[in-house]
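Just below is one structure, and these are the notes that go with it.
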Amino acid sequence: MWYNLATMENTTAPVTPLSGSKTTPKDFFLWLGAIIALYGAITSIITLLFEYVNYSFPDQLAGYGDPYGGSVRFAMASLIVLVPTTVVLFRIIRGTIIKESGKASIWVRRWALGLTLFIATITILIDLVYLINTFLGGEITTRFELKVLIILLVAAGVFMHFLADLRGYWIENVQKGNMVGVAVGVLAIATIVAGFFIVGSPSHVRDLRYDDQKVSDLQNIQYQLTNYFQQKRALPKTLDELNDPLTNTIVPVDGQTGTAYTYEVKTPLSFSLCATFNAPTPDTAGRGNYGKDVSYPQPIGPDPLNENWKHGVGETCFDRTIDPTKYPAVPAVKGL
């Protein structure tokens with residue numbers, strides 16, 4: 001009798017009871033990978049959108065932006081890798097739950113979704129407090145408002161999506177879940193494409209690096225010319241006179257073309273240096289973050305405050321005049 005009841009009970013019970021599934025190593029690493037990819041993708045898209053705001057709404061109180069868009073390029077690369085990874089991993093996870101309903105109650109899923117909801121909730125609350133505090137302090141700007149709005153929208157979207165996931169909505173509505181995945185992919189692609197309007201193509205970034213190197217070379221040559229003037233109290237007729245194997249001083253040449261830079265003596269105290277540039281000097285003023293300055297280029301030499309290295313496209317010449325009082329003669333070494 002007991003045996004028959006047990007047999008009947010077994011035949012009517014679900015194949016996989018809700019609380020009968022255990023967390024396997026596969027489940028753990030699937031959820032770990034999905035959460036890491038999700039948080040990385042969210043961070044990258046917020047970083048990208050922040051950079052777009054910085055570029056579109058420069059602020060005089062902010063520093064200089066990176067002319068090469070280093071943070072933009074890294075965020076773009078992260079999105080290209082992490083968004084498809086996140087979508088694929090969550091589809092695998094939800095497919096596993098559809099096949100085995102007990103996987104919906106394993107501890108790693110509950111913890112992962114609970115942690116995500118907690119972080120999203122805290123982010124929204126902090127965001128609102130920060131917005132109200134800044135507003136009361138009279139420091140509201142369009143740039144600030146947009147950044148607050150970005151965080152609020154992203155955090156709210158994550159919260160609503162995973163709250164529905166915790167309740168099993170996406171498992172019951174697989175088609176809608178797939179549509180959300182497609183929408184996220186389209187949004188990521190649009191965000192990535194927008195990045196090219198800021199940093200330009202890889203070839204453009206390479207041209208900017210060549211231009212930066214040319215400016216650095218001209219600064220180096222100018223420093224050598226002022227050094228020569230202090231030693232000789234006259235300017236050299238050609239740049240070749242600056243070469244000195246004893247001090248390992250070598251006049252740089254244009255790394256892009258391999259040709260020498262143009263040098264011309266104007267007067268006994270003035271000269272010009274010329275180079276051919278690929279693009280105008282990037283305008284990065286006010287497009288950085290507060291408290292973080294990245295200038296282009298970094299001035300070097302004895303008198304950087306009076307130097308101006310802004311250039312356009314094509315050949316640009318920089319006229320310089322030496323002030324003898326700022327560059328006094330170097331005393332000769334006795335016995336030489």
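Following the order of the structure tokens, first chain is A, next is B, and so on, with residues numbered from 1 inside each chain and ligands from 1 in the order they appear.
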Per DSSP on the backbone, filter stretch 117-329 of chain A down to the residues in alpha helix (DSSP H) and report them as an NGL selection string.
:A and (117-136 or 142-166 or 169-172 or 174-199 or 202-232)
Residue contacts of A:Leu89 (9 Å, only C-alpha atoms) excluding same-chain residues fewer than 4 positions away, as a PyMOL selection string:
chain A and resi 30-31+33-34+37+84-85+93-94
Please produce a file of those selected residues containing N, CA and C atoms, as an mmCIF file, in the first residue's frame.
```
data_model
loop_
_atom_site.group_PDB
_atom_site.id
_atom_site.type_symbol
_atom_site.label_atom_id
_atom_site.label_comp_id
_atom_site.auth_asym_id
_atom_site.auth_seq_id
_atom_site.Cartn_x
_atom_site.Cartn_y
_atom_site.Cartn_z
ATOM 1 N N LEU A 30 28.438 30.675 -15.359
ATOM 2 C CA LEU A 30 27.570 31.376 -16.307
ATOM 3 C C LEU A 30 27.064 32.689 -15.708
ATOM 4 N N TRP A 31 26.586 32.623 -14.467
ATOM 5 C CA TRP A 31 26.089 33.826 -13.809
ATOM 6 C C TRP A 31 27.213 34.802 -13.496
ATOM 7 N N GLY A 33 30.037 35.179 -15.179
ATOM 8 C CA GLY A 33 30.419 35.809 -16.437
ATOM 9 C C GLY A 33 29.378 36.807 -16.910
ATOM 10 N N ALA A 34 28.097 36.452 -16.754
ATOM 11 C CA ALA A 34 27.024 37.347 -17.197
ATOM 12 C C ALA A 34 27.011 38.643 -16.391
ATOM 13 N N ALA A 37 30.127 40.775 -17.295
ATOM 14 C CA ALA A 37 29.929 41.378 -18.617
ATOM 15 C C ALA A 37 28.875 42.478 -18.558
ATOM 16 N N PRO A 84 27.559 41.867 -26.738
ATOM 17 C CA PRO A 84 27.164 40.554 -27.269
ATOM 18 C C PRO A 84 27.377 39.435 -26.253
ATOM 19 N N THR A 85 28.450 39.538 -25.474
ATOM 20 C CA THR A 85 28.715 38.517 -24.455
ATOM 21 C C THR A 85 27.590 38.471 -23.427
ATOM 22 N N ILE A 93 21.404 31.255 -20.118
ATOM 23 C CA ILE A 93 20.869 31.059 -18.765
ATOM 24 C C ILE A 93 19.354 30.875 -18.805
ATOM 25 N N ARG A 94 18.654 31.720 -19.547
ATOM 26 C CA ARG A 94 17.198 31.623 -19.601
ATOM 27 C C ARG A 94 16.754 30.367 -20.353
#
```
I need the residue nearest A:Val251 from this list: A:Leu152, A:Leu225, A:Ile42, A:Val83. Use only C-alpha atoms for the distance.
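Selected residue with least distance to A:Val251: A:Leu225.
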Any idea what's packed within 9 Å of A:Gln230, counting only C-alpha atoms, ignoring anything in its chain fewer than 2 positions away? Could you give it as a ChimeraX atom specification?
/A:225-228,232-234,324,327-330
Restricting the calculation to only C-alpha atoms: of A:Ala41, A:Cys317, A:Leu208, A:Ala164, which residue gets closest to A:Ile80?
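Distance minimum relative to A:Ile80 lands on A:Ala41.
Distances to A:Phe50 were evaluated for A:Asp283, A:Glu100, A:Glu145, A:Asp319 using only C-alpha atoms, and the minimum falls at A:Glu145.
The list of residues with at least one atom within 7 Å of stretch 124-126 of chain A, based on only C-alpha atoms and without residues fewer than 3 positions apart in the same chain, reads Ala120, Thr121, Val129, Tyr130, Leu152 and Ala155 of chain A.
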Give me, as a PDB file with N, CA and C atoms, in the first residue's frame, all polymer residues having an atom no more than 12 Å from A:Phe118, counting only C-alpha atoms and skipping those fewer than 3 positions away in the same chain.
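Below you can see around11.pdb, which holds the result:
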```pdb
ATOM      1  N   ARG A 110      19.503  34.038  -7.451  1.00  0.00           N
ATOM      2  CA  ARG A 110      18.871  34.961  -6.513  1.00  0.00           C
ATOM      3  C   ARG A 110      19.848  36.035  -6.048  1.00  0.00           C
ATOM      4  N   TRP A 111      21.081  35.633  -5.755  1.00  0.00           N
ATOM      5  CA  TRP A 111      22.085  36.589  -5.301  1.00  0.00           C
ATOM      6  C   TRP A 111      22.485  37.559  -6.421  1.00  0.00           C
ATOM      7  N   ALA A 112      22.655  37.048  -7.624  1.00  0.00           N
ATOM      8  CA  ALA A 112      23.075  37.899  -8.738  1.00  0.00           C
ATOM      9  C   ALA A 112      22.012  38.951  -9.052  1.00  0.00           C
ATOM     10  N   LEU A 113      20.746  38.516  -9.136  1.00  0.00           N
ATOM     11  CA  LEU A 113      19.674  39.460  -9.429  1.00  0.00           C
ATOM     12  C   LEU A 113      19.439  40.412  -8.259  1.00  0.00           C
ATOM     13  N   GLY A 114      19.502  39.880  -7.029  1.00  0.00           N
ATOM     14  CA  GLY A 114      19.328  40.743  -5.861  1.00  0.00           C
ATOM     15  C   GLY A 114      20.409  41.800  -5.763  1.00  0.00           C
ATOM     16  N   LEU A 115      21.658  41.403  -6.026  1.00  0.00           N
ATOM     17  CA  LEU A 115      22.770  42.363  -5.989  1.00  0.00           C
ATOM     18  C   LEU A 115      22.594  43.436  -7.056  1.00  0.00           C
ATOM     19  N   THR A 121      19.215  50.344  -7.301  1.00  0.00           N
ATOM     20  CA  THR A 121      18.422  51.179  -6.387  1.00  0.00           C
ATOM     21  C   THR A 121      19.290  52.224  -5.693  1.00  0.00           C
ATOM     22  N   ILE A 122      20.446  51.799  -5.177  1.00  0.00           N
ATOM     23  CA  ILE A 122      21.359  52.731  -4.504  1.00  0.00           C
ATOM     24  C   ILE A 122      21.838  53.815  -5.467  1.00  0.00           C
ATOM     25  N   THR A 123      22.114  53.404  -6.709  1.00  0.00           N
ATOM     26  CA  THR A 123      22.579  54.368  -7.712  1.00  0.00           C
ATOM     27  C   THR A 123      21.520  55.426  -7.979  1.00  0.00           C
ATOM     28  N   ILE A 124      20.263  55.001  -8.112  1.00  0.00           N
ATOM     29  CA  ILE A 124      19.177  55.952  -8.363  1.00  0.00           C
ATOM     30  C   ILE A 124      19.026  56.926  -7.195  1.00  0.00           C
ATOM     31  N   LEU A 125      19.073  56.408  -5.953  1.00  0.00           N
ATOM     32  CA  LEU A 125      18.913  57.270  -4.782  1.00  0.00           C
ATOM     33  C   LEU A 125      20.064  58.274  -4.665  1.00  0.00           C
ATOM     34  N   ALA A 155      20.263  53.322 -14.746  1.00  0.00           N
ATOM     35  CA  ALA A 155      19.983  52.595 -13.506  1.00  0.00           C
ATOM     36  C   ALA A 155      18.520  52.156 -13.441  1.00  0.00           C
ATOM     37  N   ALA A 156      17.603  53.031 -13.856  1.00  0.00           N
ATOM     38  CA  ALA A 156      16.178  52.686 -13.846  1.00  0.00           C
ATOM     39  C   ALA A 156      15.884  51.558 -14.835  1.00  0.00           C
ATOM     40  N   VAL A 158      17.988  49.206 -15.866  1.00  0.00           N
ATOM     41  CA  VAL A 158      18.529  47.967 -15.303  1.00  0.00           C
ATOM     42  C   VAL A 158      17.632  47.444 -14.192  1.00  0.00           C
ATOM     43  N   PHE A 159      17.161  48.339 -13.340  1.00  0.00           N
ATOM     44  CA  PHE A 159      16.303  47.935 -12.220  1.00  0.00           C
ATOM     45  C   PHE A 159      15.013  47.281 -12.724  1.00  0.00           C
ATOM     46  N   MET A 160      14.325  47.933 -13.664  1.00  0.00           N
ATOM     47  CA  MET A 160      13.046  47.394 -14.149  1.00  0.00           C
ATOM     48  C   MET A 160      13.238  46.079 -14.896  1.00  0.00           C
ATOM     49  N   PHE A 162      15.643  43.759 -14.520  1.00  0.00           N
ATOM     50  CA  PHE A 162      15.990  42.610 -13.681  1.00  0.00           C
ATOM     51  C   PHE A 162      14.966  42.359 -12.586  1.00  0.00           C
ATOM     52  N   LEU A 163      14.143  43.347 -12.271  1.00  0.00           N
ATOM     53  CA  LEU A 163      13.011  43.079 -11.394  1.00  0.00           C
ATOM     54  C   LEU A 163      12.020  42.156 -12.109  1.00  0.00           C
TER      55      LEU A 163
END
```
